[in-house]
Amino acid sequence: MAYFCHKLCASDSDEPLIDWGCNPIATLTMKKVRDETCCLAPWVSLRIGLSGEVFACNHNSSFLLGKYPDQSLKEIWSGKRIHKLRKHLRKNDFSLGCDICAEDWHHHRNNAASFTLFRKYQPGSWPSMLDFRLSNRCNLQCIMCSGLSSSQFGNESAQEDELFGEDFMRQLDAFIPHLQTARFIGGEPFLIPEYYRIWERIIDLNPQCEIVVQTNATILNERIKELMEKGRFQISVSIDSFEPQTYESIRRNASLTKVMENLDYFSDYAQARQADMVICFCPMRMNHHEIPDLMRYAEKRDAYICLNRFYYPAHLAIWSLPAEKIVHLRSDLANYKGSGASEKSRINAGFLCDYIKLLAQWEDDARERVSIPFIPEKLTKLLARFNNSLSDDPVVAEKMAGIAAQVKPEQLYHYLNPIAAYYGINLFQEFLKQTNSEIVVDDIRSIKMQAD
């Protein structure tokens with residue numbers, strides 16, 4: 001069995017690894033994998049990013065599995081990098097970029113933990129899920145966003161037509177018949193032409209595949225409605241406030257009235273198809289008090305909630321507040337009592353419970369920032385990681401050095417540490433290319449420390 005697993009992880013074939021359903025030894029091996037690891041992502045999923053980078057999931061942007069078109073999608077799925085990640089996760093070793101799930105695992109936040117998403121899939125010779133982030137094309141300029149996720153900041157990724165052209169679509173055709181789920185984010189997915197081509201292929205080749213779209217709900221036209229009638233769509237809507245002034249100050253260029261009209265359509269669609277709908281919410285300083293409203297609205301619409309883990313910009317985030325303020329926010333939520341009348345409302349209560357646990361952790365972190373003396377060596381080690389990654393881009397490296405010279409070392413450490421853990425230094429590098437240094441400096445200075 002050990003030899004079989006070694007051969008499985010060492011395969012360099014550009015064909016799928018093995019037909020699990022026809023091989024009893026492989027079936028037994030994968031049952032053991034399910035029993036041994038909390039996360040099945042590298043056995044069931046691939047995520048394809050803006051420039052062709054491929055990762056195992058949307059929460060690991062550090063451990064690159066491969067890059068299209070330098071490698072084919074089949075080569076990446078059968079390559080050495082993905083097998084290395086599988087080997088680590090079989091031992092619940094999260095060290096290869098899986099810091100978010102490591103933290104959830106350690107703090108027993110299993111209701112909203114990302115790794116639970118993949119438990120519904122059975123490992124096989126092909127991915128059960130493909131996750132697409134092929135473009136940042138968007139119509140909004142949200143205050144928590146940047147050019148990485150919205151073209152409205154003047155940095156549209158204009159290469160999709162060339163990068164994700166006919167060859168890419170042909171390669172997808174081999175994967176689509178085996179999919180249970182295909183997920184699409186942006187930008188705004190309903191503005192991205194490549195997604196329409198993929199949706200049409202899925203409807204043609206695998207009409208039972210669930211098509212999950214993360215949308216800001218500002219776009220709804222007859223073409224979208226026609227596709228939704230043909231396919232199995234699950235709509236996940238990003239709404240960060242139910243108060244018009246707050247919503248439109250967060251999601252600039254959007255109208256809450258129009259979004260709620262479109263949300264009515266998506267909700268009716270989900271209920272008619274007995275499909276799930278998800279309402280995503282970014283808890284920030286200006287909207288945190290609306291989380292109970294979110295819970296009640298989700299129960300009314302028979303929808304799931306998603307409370308995003310929000311870190312940046314730091315001056316808008318909860319984690320960077322003084323501990324006393326986090327205590328107040330946590331106690332307000334702890335007093336919320338949902339009806340528990342449906343299965344979804346009970347599941348949502350579990351998500352809220354996990355978020356309250358996260359607030360408790362942020363409260364502890366905030367107390368440490370003001371009570372435990374800062375250790376400069378921690379920043380030195382952290383900066384070494386950043387400098388090593390940024391060394392291939394002298395302009396960004398110089399920009400980073402200039403930022404570091406303008407802020408307190410302890411503030412810089414607490415700003416960079418979540419980036420290294422949760423976002424990936426490579427994404428931060430792209431962010432720095434597109435962002436004015438003074439914006440970053442001001443954000444770092446917003447973190448409350450002992451001397452403030």
# chains A, B, ... in the order shown; residues from 1 in each chain; ligands from 1
>>> select_by_dssp(residues="segment 298-408 of chain A", states="helix (DSSP H, G or I)", output="count of residues only")
74
>>> select_by_dssp(residues="segment 31-259 of chain A", states="strand (DSSP E)", output="PyMOL selection string")
chain A and resi 45-48+53-55+66-67+129-132+181-184+210-215+232-238
>>> residues_around(residues="Ile347 of chain A", least_positions_apart="6", cutoff="12 Å", atoms="only C-alpha atoms", output="list in words")
Asn110, Asn111, Ala112, Met295, Ala298, Glu299, Asp302, Ala303, Tyr304, Ile305, Cys306, Gly338, Ser339, Gly340, Ala341, Cys353 and Asp354 of chain A
>>> write_last_selection(atoms="C-alpha atoms", output="mmCIF file, in the first residue's frame")
data_model
loop_
_atom_site.group_PDB
_atom_site.id
_atom_site.type_symbol
_atom_site.label_atom_id
_atom_site.label_comp_id
_atom_site.auth_asym_id
_atom_site.auth_seq_id
_atom_site.Cartn_x
_atom_site.Cartn_y
_atom_site.Cartn_z
ATOM 1 C CA ASN A 110 -15.136 23.765 11.785
ATOM 2 C CA ASN A 111 -18.542 25.117 10.730
ATOM 3 C CA ALA A 112 -17.172 27.834 8.448
ATOM 4 C CA MET A 295 -29.079 36.514 9.792
ATOM 5 C CA ALA A 298 -31.046 34.930 5.201
ATOM 6 C CA GLU A 299 -33.658 33.063 7.227
ATOM 7 C CA ASP A 302 -33.964 30.451 3.071
ATOM 8 C CA ALA A 303 -30.357 31.271 2.201
ATOM 9 C CA TYR A 304 -26.985 30.431 3.663
ATOM 10 C CA ILE A 305 -24.692 33.155 4.972
ATOM 11 C CA CYS A 306 -20.976 33.625 4.501
ATOM 12 C CA GLY A 338 -32.063 33.082 15.830
ATOM 13 C CA SER A 339 -35.215 31.037 15.470
ATOM 14 C CA GLY A 340 -33.470 27.788 14.538
ATOM 15 C CA ALA A 341 -36.667 26.931 12.679
ATOM 16 C CA CYS A 353 -20.602 30.866 16.269
ATOM 17 C CA ASP A 354 -17.343 30.349 14.388
#
>>> residues_around(residues="segment 45-47 of chain A", least_positions_apart="6", cutoff="6 Å", atoms="only C-alpha atoms", output="ChimeraX atom specification")
/A:54-57,127,129-132
>>> closest_residue(among="A:Leu227, A:Ala421, A:Ile239, A:Ile326", to="Cys101 of chain A", atoms="only C-alpha atoms")
A:Ala421
>>> closest_residue(among="A:Lys91, A:Arg367, A:Arg170, A:Lys433", to="Lys399 of chain A", atoms="only C-alpha atoms")
A:Lys433
>>> atom_distance(atom1="atom CA of Ser61 of chain A", atom2="atom CA of Lys408 of chain A")
27.5 Å
>>> closest_residue(among="A:Lys344, A:His59, A:Arg81, A:Lys230", to="Arg296 of chain A", atoms="only C-alpha atoms")
A:Lys344
>>> residues_around(residues="Met284 of chain A", least_positions_apart="6", cutoff="7 Å", atoms="only C-alpha atoms", output="VMD selection string")
chain A and resid 316 to 318
>>> write_last_selection(atoms="C-alpha atoms", output="short mmCIF file (atom, residue, chain, number, x, y, z; two decimals), in the first residue's frame")
data_model
loop_
_atom_site.label_atom_id
_atom_site.label_comp_id
_atom_site.auth_asym_id
_atom_site.auth_seq_id
_atom_site.Cartn_x
_atom_site.Cartn_y
_atom_site.Cartn_z
CA LEU A 316 -11.66 49.30 8.00
CA ALA A 317 -11.13 45.92 9.66
CA ILE A 318 -12.16 44.60 13.06
#
>>> closest_residue(among="A:Leu140, A:Phe431, A:Ser345, A:Leu379", to="Lys300 of chain A", atoms="only C-alpha atoms")
A:Ser345
>>> atom_distance(atom1="atom CA of Phe281 of chain A", atom2="atom CA of Ser238 of chain A")
6.1 Å
>>> atom_distance(atom1="atom CA of Arg90 of chain A", atom2="atom CA of Glu53 of chain A")
23.6 Å
>>> residues_around(residues="Trp43 of chain A", least_positions_apart="2", cutoff="8 Å", atoms="only C-alpha atoms", output="list in words")
Leu40, Ala41, Ser45, Arg86, Pro123, Gly124 and Pro127 of chain A
>>> residues_around(residues="Phe242 of chain A", least_positions_apart="5", cutoff="9 Å", atoms="only C-alpha atoms", output="JSON, numbers by chain")
{"A": [247, 256, 290, 293, 294]}
>>> write_last_selection(atoms="N, CA, C and O atoms", output="mmCIF file, in the first residue's frame")
data_model
loop_
_atom_site.group_PDB
_atom_site.id
_atom_site.type_symbol
_atom_site.label_atom_id
_atom_site.label_comp_id
_atom_site.auth_asym_id
_atom_site.auth_seq_id
_atom_site.Cartn_x
_atom_site.Cartn_y
_atom_site.Cartn_z
ATOM 1 N N TYR A 247 -24.457 50.826 2.284
ATOM 2 C CA TYR A 247 -24.165 49.934 1.166
ATOM 3 C C TYR A 247 -23.472 50.677 0.031
ATOM 4 O O TYR A 247 -22.447 50.231 -0.493
ATOM 5 N N LEU A 256 -28.408 49.948 -4.131
ATOM 6 C CA LEU A 256 -28.988 48.892 -3.306
ATOM 7 C C LEU A 256 -30.391 48.529 -3.806
ATOM 8 O O LEU A 256 -30.762 47.345 -3.788
ATOM 9 N N GLU A 290 -24.857 45.239 11.549
ATOM 10 C CA GLU A 290 -25.913 44.706 10.696
ATOM 11 C C GLU A 290 -25.887 43.179 10.572
ATOM 12 O O GLU A 290 -26.730 42.601 9.870
ATOM 13 N N ASP A 293 -29.130 41.599 11.221
ATOM 14 C CA ASP A 293 -30.037 41.827 10.091
ATOM 15 C C ASP A 293 -29.760 40.834 8.971
ATOM 16 O O ASP A 293 -30.691 40.330 8.319
ATOM 17 N N LEU A 294 -28.488 40.557 8.730
ATOM 18 C CA LEU A 294 -28.104 39.559 7.730
ATOM 19 C C LEU A 294 -28.680 38.198 8.088
ATOM 20 O O LEU A 294 -29.235 37.492 7.225
#
